[in-house]
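Everything on this sheet refers to the single structure shown next.
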Amino acid sequence: MTKGGMESVEVFTTEGKGRGLKAQKEFLPGDVIFAEPAYAAVVFDSLTHVICHTCFKRQERLHRCGQCKFAHYCDRTCQRAAWLNHKNECSAIKRHGKAPTENIRLAARILWKIEREGSGLSEGCLVSIDELQNHVDSFGEEEKKELRTDVESFLEFWPQHCQQFGMQFISHIFGVISCNGFTLSDQRGLQAVGVGIFPNLCQANHDCWPNCTVVFNNGNHEAVRSMFHTQMRIELRALNKISPGDELTVSYVDFLNLSEERRKQLKKQYYFDCTCEHCKKQLKDDLMLAVKAGESKPSADTVKEVIQLSKDTLEKINKARMEGHYHEVVKLCRDCLTKQEPVLGDTNIYLLRVLSIASEVLSYLQMFEEAADYAKRMVDGYLKIYHPNNAQLGMAVMRAGVTHWHAGLIEAGHGLICKAYAILLITHGPSHPITKDLEVMRVQTEMELRMFQQNEFMYYKMREAALKNQKIQVMPEPSNENAPSLFHKKE
């Protein structure tokens with residue numbers, strides 16, 4: 001079954017897993033299998049005034065809708081593009097007196113679209129909204145209570161003159177949002193800023209070691225070249241060579257967790273038991289729990305003690321980060337690493353988590369040499385665990401490369417930036433803002449590396465002079481959030 005620009009994939013049904021997507025032709029790493037605009041999407045409640053409600057880019061100054069005073073846009077281009085979806089919402093917000101929560105707003109946008117177009121197949125969609133999984137039958141008591149609250153709030157917001165929908169169908173829509181809402185990120189891909197429904201993407205099944213990745217592309221309304229160049233959309237991109245007939249899979253969770261933890265998370269959030277090869281065979285678990293080898297191998301009790309200490313310290317670190325006490329974070333990391341290093345192996349996830357936080361916070365505090373050392377060890381561990389074309393691996397390698405560059409370690413910095421660029425070309429594509437930024441860094445570090453190789457002394461002299469003449473560059477403040485996960489699940 002193919003439809004409107006989706007000729008390269010087909011929907012199929014499998015025993016135990018329900019519907020899935022299959023490739024209709026061969027794809028190579030980095031190929032865009034399909035691009036899909038959102039069926040409906042909204043900005044998170046906490047960010048409605050700093051994120052454009054059309055393209056989801058973070059902007060310094062946004063234009064506010066003069067009618068409802070709620071929606072914000074980059075400029076008139078984005079405001080005009082939003083009007084079809086905002087028109088009903090605008091008058092409903094004015095009538096209601098305030099904007100409801102993101103879940104209510106998203107459900108309302110979906111139902112207004114159904115009112116306009118019907119609930120059958122939309123153009124370019126492989127399945128209709130009616131056919132999407134809602135998992136309402138699997139909800140626990142707490143989730144059912146939240147669902148009832150959402151439905152009640154929705155009915156208060158939904159105007160009387162609009163088409164009226166039955167309680168069961170409204171509940172179905174909220175179930176679809178809960179299970180299939182896709183996280184939208186800002187233009188740098190670092191912060192989750194909204195949630196959208198993408199019916200085609202919803203058909204891709206999970207695998208902990210997938211052959212595809214999903215990237216959110218905010219589009220470019222200045223380049224009026226074609227629909228998919230100008231419109232906000234998700235892109236499903238191939239990570240490996242994919243043959244015709246292969247199932248297309250994505251990962252719903254970060255791989256950097258033990259198989260048991262991933263399975264628990266998937267069961268809790270998405271209501272299925274993961275049967276992928278990596279979970280069944282617990283592949284890479286041995287690396288993620290590695291302990292120091294050799295003659296003085298630590299005892300099982302010592303390992304248990306250090307892992308418990310690591311868990312407790314990570315909780316303290318998160319609290320200190322939330323409060324912005326970054327020097328306290330560094331102290332906690334250093335103390336924890338002193339206890340971890342004689343006991344845990346280089347790929348142990350508890351060691352890697354502390355190395356990651358330490359390198360990020362030390363970079364922010366301009367302590368680049370120490371940060372670079374931790375970042376290098378983190379990347380060496382990640383390279384043994386992650387899929388070679390994993391987006392989170394690419395971002396971590398990029399961060400390590402920038403840290404080495406700031407530390408004046410130009411050879412290692414350039415090497416890491418090149419490695420990150422190769423990964424992100426596949427996961428994000430050449431036109432994504434992050435890849436473009438990396439390309440600029442790659443060219444700059446290559447030029448500096450040539451200078452360094454010709455005359456080391458002169459390179460450091462020029463670098464010293466350049467640093468004196470420019471304002472000290474402040475690294476982005478460390479975020480306490482994890483990288484945006486694929487699907488947005490209301491906690």
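Here's how to read the names in the structure tokens: chain A, B, ... by the order shown, residue numbers from 1 in each chain, ligand numbers from 1 in the order shown.
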Exercise for review: Can you check which residues of region 18-172 of chain A DSSP gives as helix (DSSP H, G or I) on the backbone and send them as an NGL selection string?
Suggested key: :A and (45-47 or 76-96 or 102-117 or 129-131 or 136-138 or 141-157 or 167-172)
Mind dumping the selected residues with C-alpha atoms as a compact mmCIF listing (two decimals), in the first residue's frame?
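Saved file again-v7.txt follows:
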```
# COMPACT_ATOMS: atom_id res chain seq x y z
CA ASP A 45 3.02 24.73 27.50
CA SER A 46 6.24 25.97 29.14
CA LEU A 47 7.73 27.27 25.86
CA ARG A 76 4.36 36.99 8.89
CA THR A 77 5.41 34.00 6.73
CA CYS A 78 5.03 31.60 9.65
CA GLN A 79 1.86 33.36 10.86
CA ARG A 80 0.19 33.03 7.46
CA ALA A 81 1.26 29.36 7.18
CA ALA A 82 -0.31 28.67 10.60
CA TRP A 83 -3.69 30.29 10.01
CA LEU A 84 -5.53 27.20 8.70
CA ASN A 85 -4.61 25.27 11.88
CA HIS A 86 -4.76 28.24 14.27
CA LYS A 87 -8.03 29.83 13.09
CA ASN A 88 -10.41 27.63 15.16
CA GLU A 89 -7.94 27.45 18.06
CA CYS A 90 -7.67 31.26 18.10
CA SER A 91 -11.41 31.84 18.54
CA ALA A 92 -11.73 28.93 21.02
CA ILE A 93 -8.94 30.38 23.22
CA LYS A 94 -10.61 33.82 23.17
CA ARG A 95 -13.98 32.28 24.09
CA HIS A 96 -12.44 30.00 26.79
CA GLU A 102 -0.66 20.96 25.21
CA ASN A 103 -2.57 17.64 25.20
CA ILE A 104 -5.94 19.40 24.88
CA ARG A 105 -4.59 21.75 22.19
CA LEU A 106 -3.17 18.84 20.17
CA ALA A 107 -6.41 16.80 20.43
CA ALA A 108 -8.40 19.88 19.35
CA ARG A 109 -6.13 20.47 16.33
CA ILE A 110 -6.52 16.81 15.28
CA LEU A 111 -10.32 16.99 15.60
CA TRP A 112 -10.56 20.30 13.72
CA LYS A 113 -8.56 18.70 10.92
CA ILE A 114 -10.95 15.72 10.93
CA GLU A 115 -13.87 18.20 10.84
CA ARG A 116 -12.32 19.83 7.73
CA GLU A 117 -11.10 16.72 5.91
CA ILE A 129 -6.16 8.58 12.36
CA ASP A 130 -8.94 6.06 13.08
CA GLU A 131 -6.52 3.16 12.52
CA VAL A 136 -6.44 2.69 26.07
CA ASP A 137 -7.33 -0.89 27.12
CA SER A 138 -3.79 -1.29 28.53
CA GLU A 141 -5.70 3.28 36.90
CA GLU A 142 -3.59 6.47 37.02
CA GLU A 143 -3.52 6.74 33.23
CA LYS A 144 -7.29 6.19 33.01
CA LYS A 145 -7.81 8.95 35.58
CA GLU A 146 -5.59 11.32 33.53
CA LEU A 147 -7.52 10.36 30.39
CA ARG A 148 -10.88 11.21 32.04
CA THR A 149 -9.46 14.58 33.19
CA ASP A 150 -8.18 15.32 29.67
CA VAL A 151 -11.55 14.42 28.08
CA GLU A 152 -13.42 16.65 30.58
CA SER A 153 -11.04 19.59 29.96
CA PHE A 154 -11.33 19.04 26.21
CA LEU A 155 -15.15 19.18 26.33
CA GLU A 156 -14.98 22.49 28.23
CA PHE A 157 -12.66 23.92 25.55
CA MET A 167 -16.63 10.18 24.09
CA GLN A 168 -15.11 6.97 22.74
CA PHE A 169 -13.57 8.71 19.72
CA ILE A 170 -12.23 11.61 21.85
CA SER A 171 -10.67 9.01 24.21
CA HIS A 172 -9.16 7.27 21.14
```
Review point. Which neighbours of region 197-211 of chain A fall inside 8 Å, counting only C-alpha atoms, when residues of the same chain fewer than 5 positions from it are skipped, and could you give them as a ChimeraX atom specification?
Key: /A:11,17,19-21,36-41,125-129,132,177,180-182,236,238-240,242,248-253,255,274,276,278-279,387
Generate the output file for the selected residues, C-alpha atoms, as a CSV table (one decimal), in the first residue's frame.
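What landed in out.csv:
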```
chain,number,residue,atom,x,y,z
A,11,VAL,CA,2.6,-1.1,5.4
A,17,LYS,CA,3.9,-6.9,16.4
A,19,ARG,CA,1.5,-3.2,11.5
A,20,GLY,CA,5.0,-2.3,10.4
A,21,LEU,CA,6.8,-0.6,7.5
A,36,GLU,CA,6.4,13.6,6.5
A,37,PRO,CA,4.8,16.9,7.6
A,38,ALA,CA,2.9,16.8,10.9
A,39,TYR,CA,-0.8,15.8,10.8
A,40,ALA,CA,-1.0,18.2,13.8
A,41,ALA,CA,1.5,19.6,16.3
A,125,CYS,CA,-0.8,9.2,4.8
A,126,LEU,CA,-0.6,5.4,4.7
A,127,VAL,CA,-3.1,5.0,7.5
A,128,SER,CA,-5.9,7.1,8.9
A,129,ILE,CA,-6.2,8.6,12.4
A,132,LEU,CA,-3.7,4.4,14.8
A,177,ILE,CA,-1.4,11.2,21.5
A,180,ASN,CA,2.3,8.0,19.3
A,181,GLY,CA,3.1,11.6,20.1
A,182,PHE,CA,6.5,12.4,18.5
A,236,LEU,CA,13.1,8.8,8.2
A,238,ALA,CA,18.6,4.9,6.6
A,239,LEU,CA,21.5,4.0,9.0
A,240,ASN,CA,22.7,0.9,7.1
A,242,ILE,CA,18.5,-1.6,3.5
A,248,LEU,CA,12.2,-0.4,8.6
A,249,THR,CA,12.8,0.0,12.3
A,250,VAL,CA,13.6,2.9,14.7
A,251,SER,CA,14.6,3.0,18.4
A,252,TYR,CA,12.0,4.4,20.8
A,253,VAL,CA,14.5,4.6,23.6
A,255,PHE,CA,20.4,2.3,23.6
A,274,CYS,CA,10.8,-6.1,23.1
A,276,CYS,CA,14.7,-7.7,19.3
A,278,HIS,CA,19.9,-7.2,21.4
A,279,CYS,CA,17.3,-7.7,24.1
A,387,HIS,CA,25.6,1.7,16.6
```
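Comparing the minimum interatomic distances between Gly189 (chain A) and each of A:Ala391, A:Ile357, A:Val397, A:Cys74, counting only C-alpha atoms, we find that A:Ala391 sits nearest.
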Check your understanding: In Å, with one decimal, what is the gap from CA of Val303 (chain A) to CA of Leu355 (chain A)?
Key -> 18.0 Å
